[in-house]
$ cat run.cif   # mmCIF, C-alpha atoms and all ligand atoms
data_protein
#
loop_
_atom_site.label_atom_id
_atom_site.label_comp_id
_atom_site.auth_asym_id
_atom_site.auth_seq_id
_atom_site.Cartn_x
_atom_site.Cartn_y
_atom_site.Cartn_z
CA MET A 1 0.00 0.00 0.00
CA SER A 2 1.29 3.45 -0.88
CA GLU A 3 2.18 5.79 1.90
CA ILE A 4 -0.77 8.08 1.14
CA ASP A 5 -3.28 5.23 1.05
CA SER A 6 -2.00 3.95 4.36
CA LEU A 7 -2.45 7.42 5.88
CA LYS A 8 -5.96 7.62 4.47
CA ALA A 9 -6.76 4.22 5.92
CA GLN A 10 -5.34 5.31 9.28
CA LEU A 11 -7.51 8.41 9.23
CA GLU A 12 -10.60 6.41 8.40
CA SER A 13 -10.13 3.89 11.13
CA LEU A 14 -9.25 6.67 13.60
CA GLN A 15 -12.48 8.45 12.66
CA SER A 16 -14.70 5.42 13.00
CA GLU A 17 -13.06 4.41 16.29
CA ALA A 18 -13.43 7.99 17.56
CA LEU A 19 -17.09 8.29 16.57
CA GLU A 20 -17.83 5.02 18.30
CA SER A 21 -16.20 6.11 21.55
CA PHE A 22 -17.94 9.50 21.41
CA ALA A 23 -21.28 7.77 21.16
CA LEU A 24 -20.45 5.65 24.18
CA ALA A 25 -19.33 8.56 26.38
CA ALA A 26 -21.63 8.85 29.38
CA SER A 27 -20.66 12.28 30.66
CA LEU A 28 -19.51 15.67 29.51
CA SER A 29 -16.17 15.23 31.26
CA GLU A 30 -15.62 11.95 29.45
CA LEU A 31 -16.30 13.71 26.15
CA GLN A 32 -13.89 16.46 27.08
CA GLN A 33 -11.23 13.84 27.68
CA LEU A 34 -11.94 12.26 24.28
CA ARG A 35 -11.67 15.67 22.61
CA VAL A 36 -8.18 16.02 24.08
CA ASN A 37 -7.25 12.46 23.14
CA TYR A 38 -8.21 12.90 19.49
CA LEU A 39 -7.96 16.56 18.66
CA GLY A 40 -5.52 17.83 21.30
CA LYS A 41 -1.93 18.93 20.58
CA LYS A 42 -0.62 15.51 21.45
CA GLY A 43 -3.72 13.73 20.25
CA ALA A 44 -4.22 10.89 17.80
CA LEU A 45 -4.79 13.18 14.83
CA THR A 46 -1.53 15.00 15.44
CA GLU A 47 0.12 11.61 15.58
CA VAL A 48 -1.20 10.81 12.07
CA LEU A 49 -0.08 14.23 10.83
CA LYS A 50 3.50 13.33 11.68
CA GLY A 51 3.38 10.79 8.84
CA VAL A 52 2.53 13.52 6.33
CA GLY A 53 6.14 14.72 6.34
CA LYS A 54 7.19 11.46 4.70
CA LEU A 55 4.98 12.09 1.65
CA PRO A 56 6.16 13.67 -1.55
CA PRO A 57 5.30 17.39 -1.52
CA GLN A 58 2.58 17.20 -4.20
CA GLU A 59 0.65 14.61 -2.19
CA ARG A 60 0.68 16.56 1.04
CA PRO A 61 -2.26 18.92 0.25
CA VAL A 62 -4.39 15.91 -0.61
CA ILE A 63 -3.81 14.25 2.71
CA GLY A 64 -4.04 17.70 4.38
CA GLN A 65 -7.64 17.95 3.12
CA HIS A 66 -8.40 14.51 4.53
CA VAL A 67 -6.94 15.45 7.89
CA ASN A 68 -9.01 18.64 7.97
CA ALA A 69 -12.14 16.80 6.97
CA THR A 70 -11.56 14.26 9.74
CA LYS A 71 -10.89 17.00 12.23
CA THR A 72 -14.10 18.83 11.25
CA ALA A 73 -16.10 15.60 11.40
CA LEU A 74 -14.75 14.72 14.85
CA ALA A 75 -15.29 18.21 16.20
CA ALA A 76 -18.86 18.24 14.89
CA ALA A 77 -19.52 14.80 16.34
CA LEU A 78 -18.13 15.90 19.72
CA ASP A 79 -20.31 19.02 19.68
CA GLY A 80 -23.34 16.94 18.81
CA CYS A 81 -22.69 14.40 21.58
CA GLU A 82 -22.06 17.18 24.04
CA ALA A 83 -25.38 18.83 23.17
CA SER A 84 -27.35 15.62 23.47
CA LEU A 85 -25.64 14.71 26.77
CA ALA A 86 -26.54 18.17 28.11
CA VAL A 87 -30.15 17.67 27.08
CA LYS A 88 -30.18 14.22 28.68
CA ALA A 89 -28.65 15.56 31.92
CA LYS A 90 -31.22 18.32 32.10
CA ALA A 91 -34.06 15.87 31.56
CA GLU A 92 -32.66 13.65 34.29
CA ARG A 93 -32.40 16.59 36.70
CA ILE A 94 -35.94 17.65 35.99
CA GLU A 95 -37.11 14.09 36.60
CA ALA A 96 -35.14 13.87 39.86
CA GLU A 97 -36.43 17.18 41.11
CA ARG A 98 -39.99 16.50 40.12
CA ILE A 99 -42.55 17.25 42.82
CA ASP A 100 -46.14 16.18 43.06
CA VAL A 101 -48.01 19.42 43.51
CA THR A 102 -51.22 17.51 44.14
CA LEU A 103 -49.90 15.97 47.41
CA PRO A 104 -51.46 17.46 50.55
CA GLY A 105 -49.14 19.98 52.23
CA ARG A 106 -47.33 19.27 55.49
CA SER A 107 -48.89 21.61 57.97
CA SER A 108 -47.13 22.53 61.18
CA THR A 109 -49.15 22.28 64.36
CA SER A 110 -48.88 25.03 66.88
CA GLY A 111 -48.79 24.35 70.59
CA ALA A 112 -51.19 25.76 73.13
CA LEU A 113 -51.28 26.29 76.85
CA HIS A 114 -52.91 23.56 78.92
CA PRO A 115 -56.58 24.39 79.58
CA VAL A 116 -55.94 24.59 83.32
CA GLN A 117 -53.08 27.05 82.78
CA GLN A 118 -55.29 29.06 80.44
CA GLY A 119 -57.95 29.16 83.16
CA LEU A 120 -55.43 30.19 85.82
CA ASP A 121 -54.08 32.97 83.61
CA GLU A 122 -57.55 34.20 82.69
CA MET A 123 -58.75 34.26 86.30
CA THR A 124 -55.61 35.90 87.61
CA ALA A 125 -55.85 38.55 84.89
CA ILE A 126 -59.43 39.42 85.82
CA PHE A 127 -58.46 40.00 89.47
CA SER A 128 -55.33 41.82 88.41
CA GLN A 129 -57.46 44.23 86.39
CA MET A 130 -59.60 44.81 89.47
CA GLY A 131 -56.49 45.90 91.36
CA PHE A 132 -55.50 42.73 93.22
CA ALA A 133 -51.73 42.15 93.43
CA VAL A 134 -50.51 38.71 92.36
CA ALA A 135 -48.73 36.67 95.05
CA GLU A 136 -47.39 33.15 95.22
CA GLY A 137 -46.36 30.82 98.03
CA PRO A 138 -44.47 27.54 98.38
CA GLU A 139 -46.15 24.23 97.55
CA ILE A 140 -44.30 22.56 100.43
CA GLU A 141 -45.66 24.25 103.52
CA ASN A 142 -45.40 23.94 107.26
CA GLU A 143 -48.34 23.31 109.53
CA PHE A 144 -48.29 26.88 110.81
CA HIS A 145 -49.14 28.46 107.46
CA ASN A 146 -51.38 25.70 106.16
CA PHE A 147 -53.36 25.22 109.40
CA ASP A 148 -52.52 27.02 112.69
CA ALA A 149 -52.42 30.56 111.38
CA LEU A 150 -55.65 29.89 109.52
CA ASN A 151 -57.41 29.16 112.80
CA ILE A 152 -57.18 25.38 112.38
CA PRO A 153 -55.58 24.17 115.64
CA PRO A 154 -54.02 20.67 115.89
CA GLU A 155 -57.09 18.82 117.14
CA HIS A 156 -59.43 20.56 114.73
CA PRO A 157 -61.49 18.11 112.59
CA ALA A 158 -60.84 20.30 109.53
CA ARG A 159 -57.25 19.06 109.54
CA ALA A 160 -58.38 15.48 109.06
CA MET A 161 -60.77 16.61 106.33
CA HIS A 162 -57.90 18.04 104.32
CA ASP A 163 -56.46 14.62 103.36
CA THR A 164 -52.97 16.00 103.77
CA PHE A 165 -49.83 14.59 102.19
CA PHE A 166 -47.05 14.97 104.74
CA VAL A 167 -43.44 15.09 103.58
CA LYS A 168 -40.31 14.57 105.61
CA GLU A 169 -38.58 17.87 105.14
CA PHE A 170 -36.37 20.10 107.18
CA ALA A 171 -37.14 23.71 107.62
CA GLU A 172 -34.44 26.34 107.56
CA GLY A 173 -31.87 26.17 110.33
CA GLU A 174 -31.24 23.32 112.72
CA GLN A 175 -34.77 22.70 113.82
CA SER A 176 -36.88 20.23 111.91
CA GLU A 177 -40.63 20.42 111.71
CA PRO A 178 -43.29 18.42 109.91
CA MET A 179 -43.83 19.67 106.38
CA LEU A 180 -46.69 18.99 104.02
CA LEU A 181 -47.92 19.64 100.50
CA ARG A 182 -50.23 22.60 100.91
CA THR A 183 -53.85 21.50 100.86
CA HIS A 184 -55.13 24.90 99.72
CA THR A 185 -53.85 28.32 98.65
CA SER A 186 -55.12 29.97 101.85
CA PRO A 187 -51.62 29.85 103.44
CA VAL A 188 -50.65 32.50 100.88
CA GLN A 189 -53.03 34.83 102.77
CA ILE A 190 -50.78 34.47 105.79
CA ARG A 191 -47.52 34.78 103.85
CA ALA A 192 -48.69 37.77 101.81
CA MET A 193 -50.02 39.60 104.88
CA LYS A 194 -46.80 38.95 106.83
CA ARG A 195 -44.60 40.12 103.98
CA PHE A 196 -46.76 43.20 103.49
CA LEU A 197 -46.46 44.16 107.15
CA GLU A 198 -42.74 43.38 107.25
CA GLU A 199 -42.26 45.79 104.38
CA GLY A 200 -43.79 48.41 106.63
CA HIS A 201 -47.14 48.81 104.89
CA GLU A 202 -50.57 49.27 106.40
CA PRO A 203 -53.76 47.82 104.88
CA PRO A 204 -55.48 48.18 102.41
CA LEU A 205 -54.09 45.02 100.92
CA ALA A 206 -55.70 43.12 98.04
CA VAL A 207 -54.14 39.92 96.74
CA VAL A 208 -54.81 37.17 94.20
CA ALA A 209 -52.81 33.96 94.70
CA PRO A 210 -53.03 31.30 92.01
CA GLY A 211 -51.35 27.94 92.49
CA ARG A 212 -51.15 24.18 92.81
CA VAL A 213 -52.54 22.34 95.82
CA TYR A 214 -52.54 18.70 96.90
CA ARG A 215 -54.94 16.32 98.61
CA CYS A 216 -54.92 12.57 98.98
CA ASP A 217 -58.06 12.01 96.92
CA TYR A 218 -58.87 10.65 93.44
CA ASP A 219 -62.16 10.18 91.59
CA VAL A 220 -64.33 11.82 88.89
CA THR A 221 -64.31 15.16 90.69
CA HIS A 222 -61.06 14.91 92.72
CA SER A 223 -57.44 14.75 91.73
CA PRO A 224 -54.49 14.52 94.15
CA MET A 225 -53.08 17.67 92.57
CA PHE A 226 -55.33 20.52 91.48
CA HIS A 227 -55.33 24.29 91.29
CA GLN A 228 -56.89 27.05 93.32
CA VAL A 229 -57.06 30.78 93.14
CA GLU A 230 -57.15 32.51 96.50
CA VAL A 231 -58.40 36.08 96.69
CA PHE A 232 -58.59 38.37 99.69
CA LYS A 233 -58.76 41.97 100.67
CA VAL A 234 -58.07 43.62 104.03
CA ASP A 235 -59.02 47.21 104.76
CA ARG A 236 -61.10 49.33 107.10
CA ASP A 237 -64.83 48.60 106.78
CA VAL A 238 -64.61 45.73 104.33
CA SER A 239 -67.97 43.95 104.26
CA MET A 240 -69.74 40.99 102.68
CA ALA A 241 -71.19 43.42 100.15
CA HIS A 242 -67.66 43.98 98.80
CA LEU A 243 -67.16 40.24 98.67
CA LYS A 244 -70.38 39.76 96.74
CA GLY A 245 -69.62 42.61 94.34
CA VAL A 246 -66.15 41.26 93.54
CA LEU A 247 -67.49 37.73 93.08
CA LYS A 248 -70.28 38.80 90.78
CA HIS A 249 -67.97 40.87 88.63
CA PHE A 250 -65.38 38.11 88.48
CA LEU A 251 -67.81 35.30 87.66
CA SER A 252 -69.67 37.31 85.02
CA THR A 253 -66.39 38.31 83.38
CA TYR A 254 -65.03 34.77 83.46
CA PHE A 255 -68.20 33.18 82.05
CA GLU A 256 -68.61 36.06 79.59
CA LYS A 257 -72.25 36.50 80.56
CA GLU A 258 -74.24 37.95 83.41
CA VAL A 259 -74.33 35.22 86.06
CA SER A 260 -76.50 35.33 89.15
CA ILE A 261 -74.90 34.30 92.43
CA ARG A 262 -76.15 33.28 95.83
CA LEU A 263 -74.33 32.94 99.12
CA ARG A 264 -75.26 30.03 101.41
CA PRO A 265 -74.17 30.00 105.05
CA HIS A 266 -71.34 27.55 105.61
CA TYR A 267 -68.43 26.90 107.93
CA PHE A 268 -64.74 27.46 107.33
CA PRO A 269 -62.35 27.87 110.27
CA PHE A 270 -60.59 30.85 108.68
CA THR A 271 -63.70 32.92 107.93
CA GLU A 272 -66.58 34.18 110.05
CA PRO A 273 -69.22 34.38 108.77
CA SER A 274 -68.54 31.90 105.98
CA ALA A 275 -70.49 31.25 102.84
CA GLU A 276 -70.50 28.86 99.97
CA VAL A 277 -71.11 30.57 96.68
CA ASP A 278 -73.38 29.18 93.98
CA ILE A 279 -73.87 30.51 90.49
CA GLY A 280 -77.09 30.24 88.49
CA CYS A 281 -76.53 27.14 86.33
CA VAL A 282 -74.64 28.25 83.22
CA PHE A 283 -76.08 25.33 81.23
CA CYS A 284 -79.82 25.69 81.84
CA ALA A 285 -79.96 29.33 82.99
CA GLY A 286 -81.43 28.23 86.31
CA LYS A 287 -84.23 26.07 84.94
CA GLY A 288 -82.78 22.87 86.33
CA CYS A 289 -80.75 20.28 84.40
CA ARG A 290 -78.52 17.23 84.85
CA ILE A 291 -75.43 19.31 85.60
CA CYS A 292 -77.04 21.32 88.42
CA LYS A 293 -79.00 18.24 89.51
CA GLY A 294 -82.26 20.05 88.88
CA SER A 295 -81.55 22.78 91.43
CA GLY A 296 -80.68 25.54 88.98
CA TRP A 297 -77.58 26.36 91.07
CA ILE A 298 -73.98 25.18 90.96
CA GLU A 299 -71.60 25.49 93.89
CA VAL A 300 -68.35 27.12 92.78
CA LEU A 301 -66.34 28.33 95.76
CA GLY A 302 -65.92 28.98 99.47
CA SER A 303 -65.77 32.44 100.96
CA GLY A 304 -66.30 34.60 103.99
CA MET A 305 -65.06 37.42 106.18
CA ILE A 306 -61.51 36.72 107.36
CA HIS A 307 -61.67 35.39 110.92
CA PRO A 308 -60.24 37.87 113.48
CA ASN A 309 -57.93 35.09 114.69
CA VAL A 310 -56.36 34.94 111.22
CA LEU A 311 -55.75 38.69 111.19
CA ARG A 312 -54.32 38.47 114.71
CA SER A 313 -52.01 35.58 113.78
CA VAL A 314 -50.06 37.95 111.55
CA GLY A 315 -50.43 40.97 113.83
CA ILE A 316 -53.17 42.95 112.11
CA ASP A 317 -55.47 44.86 114.45
CA ALA A 318 -58.74 42.91 114.05
CA GLU A 319 -60.71 45.73 115.66
CA ALA A 320 -59.58 48.32 113.14
CA PHE A 321 -59.47 46.13 110.02
CA SER A 322 -61.63 43.53 108.38
CA GLY A 323 -61.33 41.51 105.23
CA PHE A 324 -63.05 39.15 102.86
CA ALA A 325 -61.52 36.05 101.34
CA PHE A 326 -62.45 33.32 98.96
CA GLY A 327 -60.84 30.34 97.35
CA LEU A 328 -61.95 28.72 94.13
CA GLY A 329 -61.13 25.48 92.37
CA VAL A 330 -59.69 26.29 88.93
CA GLU A 331 -60.46 22.93 87.30
CA ARG A 332 -64.07 23.14 88.41
CA LEU A 333 -64.60 26.56 86.84
CA VAL A 334 -62.82 25.54 83.62
CA MET A 335 -65.00 22.40 83.45
CA LEU A 336 -68.13 24.50 83.80
CA LYS A 337 -67.03 27.06 81.24
CA LYS A 338 -65.91 24.51 78.64
CA GLY A 339 -68.43 21.75 79.35
CA ILE A 340 -65.79 19.18 80.36
CA PRO A 341 -67.47 16.19 82.05
CA ASP A 342 -64.57 14.51 83.89
CA LEU A 343 -61.82 16.18 85.91
CA ARG A 344 -59.37 13.40 85.09
CA LEU A 345 -59.28 14.50 81.42
CA PHE A 346 -57.11 17.41 82.53
CA PHE A 347 -54.39 15.14 83.82
CA GLU A 348 -54.40 12.26 81.34
CA ASN A 349 -52.86 14.57 78.71
CA ASP A 350 -54.56 12.93 75.76
CA VAL A 351 -53.42 15.22 72.95
CA ARG A 352 -56.80 14.97 71.21
CA PHE A 353 -58.42 16.53 74.27
CA LEU A 354 -55.67 19.10 74.75
CA ARG A 355 -55.79 20.08 71.08
CA ARG A 356 -59.53 20.57 71.22
CA MET A 357 -59.14 22.72 74.33
CA GLY A 358 -56.13 24.68 72.97
CA SER A 359 -57.62 28.15 72.83
N1 LIG B 1 -59.27 27.02 101.52
C1 LIG B 1 -60.58 26.49 101.25
C2 LIG B 1 -60.46 25.10 100.67
O1 LIG B 1 -59.51 24.83 100.02
C3 LIG B 1 -61.33 27.36 100.28
C4 LIG B 1 -61.68 28.67 100.91
C5 LIG B 1 -62.86 28.81 101.58
C6 LIG B 1 -60.81 29.72 100.81
C7 LIG B 1 -63.20 29.99 102.17
C8 LIG B 1 -61.13 30.94 101.40
C9 LIG B 1 -62.34 31.05 102.08
O2 LIG B 1 -60.34 31.98 101.33
O3 LIG B 1 -62.67 32.24 102.63
O4 LIG B 1 -61.32 24.31 100.84
#

$ encode --input "run.cif" --output "structure tokens" --more "lines below"
Ligand code: DAH
Amino acid sequence: MSEIDSLKAQLESLQSEALESFALAASLSELQQLRVNYLGKKGALTEVLKGVGKLPPQERPVIGQHVNATKTALAAALDGCEASLAVKAKAERIEAERIDVTLPGRSSTSGALHPVQQGLDEMTAIFSQMGFAVAEGPEIENEFHNFDALNIPPEHPARAMHDTFFVKEFAEGEQSEPMLLRTHTSPVQIRAMKRFLEEGHEPPLAVVAPGRVYRCDYDVTHSPMFHQVEVFKVDRDVSMAHLKGVLKHFLSTYFEKEVSIRLRPHYFPFTEPSAEVDIGCVFCAGKGCRICKGSGWIEVLGSGMIHPNVLRSVGIDAEAFSGFAFGLGVERLVMLKKGIPDLRLFFENDVRFLRRMGS
């Protein structure tokens, strides 16, 4: 075979081999590499060109045309493959990033305060707006604050009725004394009055004390831990009329409607006289229903005029000053407002219930 024919043959086989490998390239970088291998300065085509020098001068342009044609063909093929790979890559990306716009969205749920906490906050805010200062006391109390100072001496039957949880706890200093989980928020009356006097103030004093209390009791209407709001006011000439006015305003505001109230004589050691307070049934408007057991009235809290012994226990002149006080069960009022049938729902923390109650 003549030199020129051999070069032509070399070019042809180089071209067909190149086109085949271009078609097989799976990525743009692979194609780039092939471009270098065939068309680069040290590429296969350059290698063939080296043979051109051995040809007689008149044959060189002929083979030069062949080389150029091959070069153009390879470059065009590379461009074509590159373009189709780019299209393929784009299609693949679109497929990979495809989203189903018909799928339901993922909504985020927002949290809410526990219904009891909501109730506590709402009640405290109503009293706050009426001018009562918010006070808190410890949940682990001593017998003095929980009982003695509230006119409940050691042998008093009311102590037994409080179903007290006692805890072994040491008070400040060396001396130990029996401690207990407070059975009501009334001890905050004592603490708030003492603090107030220690700070050098004189009545008037008006306080709202929300908080947790504990009793050893558990059924549909009792839980070993529950919440109370204690409210009291001490001043000159405080009377039951003030008590009734405050109660009526509070209860009507809380229930968001005019509620009627009635005071029934009762007994509490720390008040004299004492009264239990009923509201006109919020479900049947006093006509009589299952909730109010046909009476038209629902008992909601205990109240009275602060017993002179209680005022004296903190050093307030019981001749010059008087006060009213009341304590209400938070769960009970929330149940009435929201129509919740069982107290235990509050503490089981079933999210379906909590979600429904979330304001
Ligand atoms: N401390 C009482 C209880 O838990 C409730 C109570 C009744 C509070 C009468 C008062 C009051 O302040 O005057 O059963």

$ residues_near_ligand --input "run.cif" --ligand "ligand LIG 1 (chain B)" --cutoff "8 Å" --atoms "only C-alpha atoms and all ligand atoms" --output "PyMOL selection string"
chain A and resi 162+183-186+189+228+230-232+268+270-271+274-276+301-306+324-329

$ residues_around --input "run.cif" --residues "segment 41-58 of chain A" --least-positions-apart "6" --cutoff "9 Å" --atoms "only C-alpha atoms" --output "number ranges by chain"
A: 3-4, 7, 10-11, 14, 35, 64, 67, 70-71

$ write_last_selection --input "run.cif" --atoms "C-alpha atoms" --output "PDB file, in the frame of the given file"
ATOM      1  CA  GLU A   3       2.180   5.790   1.900  1.00  0.00           C
ATOM      2  CA  ILE A   4      -0.770   8.080   1.140  1.00  0.00           C
ATOM      3  CA  LEU A   7      -2.450   7.420   5.880  1.00  0.00           C
ATOM      4  CA  GLN A  10      -5.340   5.310   9.280  1.00  0.00           C
ATOM      5  CA  LEU A  11      -7.510   8.410   9.230  1.00  0.00           C
ATOM      6  CA  LEU A  14      -9.250   6.670  13.600  1.00  0.00           C
ATOM      7  CA  ARG A  35     -11.670  15.670  22.610  1.00  0.00           C
ATOM      8  CA  GLY A  64      -4.040  17.700   4.380  1.00  0.00           C
ATOM      9  CA  VAL A  67      -6.940  15.450   7.890  1.00  0.00           C
ATOM     10  CA  THR A  70     -11.560  14.260   9.740  1.00  0.00           C
ATOM     11  CA  LYS A  71     -10.890  17.000  12.230  1.00  0.00           C
TER      12      LYS A  71
END

$ atom_distance --input "run.cif" --atom1 "atom CA of Leu205 of chain A" --atom2 "atom CA of Leu181 of chain A"
26.1 Å

$ residues_around --input "run.cif" --residues "Met179 of chain A" --least-positions-apart "2" --cutoff "6 Å" --atoms "only C-alpha atoms" --output "compact mmCIF listing (two decimals) with C-alpha atoms, in the coordinates of the input"
# COMPACT_ATOMS: atom_id res chain seq x y z
CA GLU A 141 -45.66 24.25 103.52
CA ASN A 142 -45.40 23.94 107.26
CA PHE A 166 -47.05 14.97 104.74
CA VAL A 167 -43.44 15.09 103.58
CA GLU A 169 -38.58 17.87 105.14

$ residues_around --input "run.cif" --residues "segment 117-132 of chain A" --least-positions-apart "2" --cutoff "12 Å" --atoms "all atoms listed in the file" --output "PyMOL selection string"
chain A and resi 112-115+134-136+204-212+226-234+245-256+327-338+346+354+357-359

$ decode --input "run.cif" --residues "segment 249-257 of chain A" --atoms "all heavy atoms" --output "mmCIF file, in the first residue's frame"
data_model
loop_
_atom_site.group_PDB
_atom_site.id
_atom_site.type_symbol
_atom_site.label_atom_id
_atom_site.label_comp_id
_atom_site.auth_asym_id
_atom_site.auth_seq_id
_atom_site.Cartn_x
_atom_site.Cartn_y
_atom_site.Cartn_z
ATOM 1 N N HIS A 249 -68.713 40.324 89.763
ATOM 2 C CA HIS A 249 -67.965 40.872 88.631
ATOM 3 C C HIS A 249 -67.035 39.810 88.048
ATOM 4 O O HIS A 249 -66.970 39.608 86.829
ATOM 5 C CB HIS A 249 -67.155 42.099 89.049
ATOM 6 C CG HIS A 249 -66.318 42.634 87.925
ATOM 7 N ND1 HIS A 249 -66.842 43.414 86.910
ATOM 8 C CD2 HIS A 249 -65.012 42.462 87.625
ATOM 9 C CE1 HIS A 249 -65.876 43.698 86.043
ATOM 10 N NE2 HIS A 249 -64.756 43.134 86.458
ATOM 11 N N PHE A 250 -66.319 39.126 88.948
ATOM 12 C CA PHE A 250 -65.379 38.108 88.475
ATOM 13 C C PHE A 250 -66.104 37.004 87.697
ATOM 14 O O PHE A 250 -65.716 36.649 86.581
ATOM 15 C CB PHE A 250 -64.613 37.488 89.648
ATOM 16 C CG PHE A 250 -63.954 36.195 89.268
ATOM 17 C CD1 PHE A 250 -62.861 36.175 88.408
ATOM 18 C CD2 PHE A 250 -64.451 34.971 89.735
ATOM 19 C CE1 PHE A 250 -62.280 34.984 88.022
ATOM 20 C CE2 PHE A 250 -63.872 33.775 89.349
ATOM 21 C CZ PHE A 250 -62.784 33.777 88.496
ATOM 22 N N LEU A 251 -67.148 36.449 88.284
ATOM 23 C CA LEU A 251 -67.812 35.300 87.660
ATOM 24 C C LEU A 251 -68.476 35.689 86.330
ATOM 25 O O LEU A 251 -68.416 34.928 85.358
ATOM 26 C CB LEU A 251 -68.829 34.683 88.630
ATOM 27 C CG LEU A 251 -68.164 33.985 89.830
ATOM 28 C CD1 LEU A 251 -69.167 33.712 90.950
ATOM 29 C CD2 LEU A 251 -67.484 32.679 89.387
ATOM 30 N N SER A 252 -69.053 36.882 86.278
ATOM 31 C CA SER A 252 -69.673 37.314 85.016
ATOM 32 C C SER A 252 -68.620 37.552 83.946
ATOM 33 O O SER A 252 -68.833 37.246 82.766
ATOM 34 C CB SER A 252 -70.489 38.596 85.224
ATOM 35 O OG SER A 252 -71.554 38.343 86.114
ATOM 36 N N THR A 253 -67.467 38.089 84.356
ATOM 37 C CA THR A 253 -66.389 38.314 83.381
ATOM 38 C C THR A 253 -65.842 36.974 82.886
ATOM 39 O O THR A 253 -65.664 36.759 81.689
ATOM 40 C CB THR A 253 -65.236 39.129 84.005
ATOM 41 O OG1 THR A 253 -65.791 40.273 84.638
ATOM 42 C CG2 THR A 253 -64.215 39.554 82.959
ATOM 43 N N TYR A 254 -65.610 36.056 83.842
ATOM 44 C CA TYR A 254 -65.033 34.767 83.459
ATOM 45 C C TYR A 254 -65.963 33.987 82.528
ATOM 46 O O TYR A 254 -65.528 33.429 81.527
ATOM 47 C CB TYR A 254 -64.683 33.943 84.701
ATOM 48 C CG TYR A 254 -64.098 32.603 84.321
ATOM 49 C CD1 TYR A 254 -62.838 32.520 83.718
ATOM 50 C CD2 TYR A 254 -64.819 31.427 84.509
ATOM 51 C CE1 TYR A 254 -62.317 31.307 83.319
ATOM 52 C CE2 TYR A 254 -64.304 30.202 84.119
ATOM 53 C CZ TYR A 254 -63.054 30.150 83.524
ATOM 54 O OH TYR A 254 -62.543 28.941 83.115
ATOM 55 N N PHE A 255 -67.255 33.946 82.876
ATOM 56 C CA PHE A 255 -68.198 33.176 82.054
ATOM 57 C C PHE A 255 -68.718 33.968 80.851
ATOM 58 O O PHE A 255 -69.507 33.477 80.060
ATOM 59 C CB PHE A 255 -69.365 32.655 82.905
ATOM 60 C CG PHE A 255 -68.967 31.489 83.769
ATOM 61 C CD1 PHE A 255 -68.750 31.645 85.129
ATOM 62 C CD2 PHE A 255 -68.775 30.238 83.206
ATOM 63 C CE1 PHE A 255 -68.361 30.566 85.913
ATOM 64 C CE2 PHE A 255 -68.385 29.156 83.982
ATOM 65 C CZ PHE A 255 -68.174 29.324 85.340
ATOM 66 N N GLU A 256 -68.258 35.209 80.734
ATOM 67 C CA GLU A 256 -68.613 36.056 79.591
ATOM 68 C C GLU A 256 -70.119 36.216 79.454
ATOM 69 O O GLU A 256 -70.658 36.279 78.354
ATOM 70 C CB GLU A 256 -68.008 35.483 78.295
ATOM 71 C CG GLU A 256 -66.489 35.538 78.307
ATOM 72 C CD GLU A 256 -65.854 34.713 77.191
ATOM 73 O OE1 GLU A 256 -66.580 34.011 76.472
ATOM 74 O OE2 GLU A 256 -64.623 34.781 77.058
ATOM 75 N N LYS A 257 -70.819 36.181 80.570
ATOM 76 C CA LYS A 257 -72.251 36.503 80.558
ATOM 77 C C LYS A 257 -72.658 36.855 81.992
ATOM 78 O O LYS A 257 -71.964 36.488 82.951
ATOM 79 C CB LYS A 257 -73.087 35.342 80.023
ATOM 80 C CG LYS A 257 -72.961 34.048 80.810
ATOM 81 C CD LYS A 257 -73.895 33.014 80.188
ATOM 82 C CE LYS A 257 -73.477 31.609 80.545
ATOM 83 N NZ LYS A 257 -74.056 30.570 79.743
#
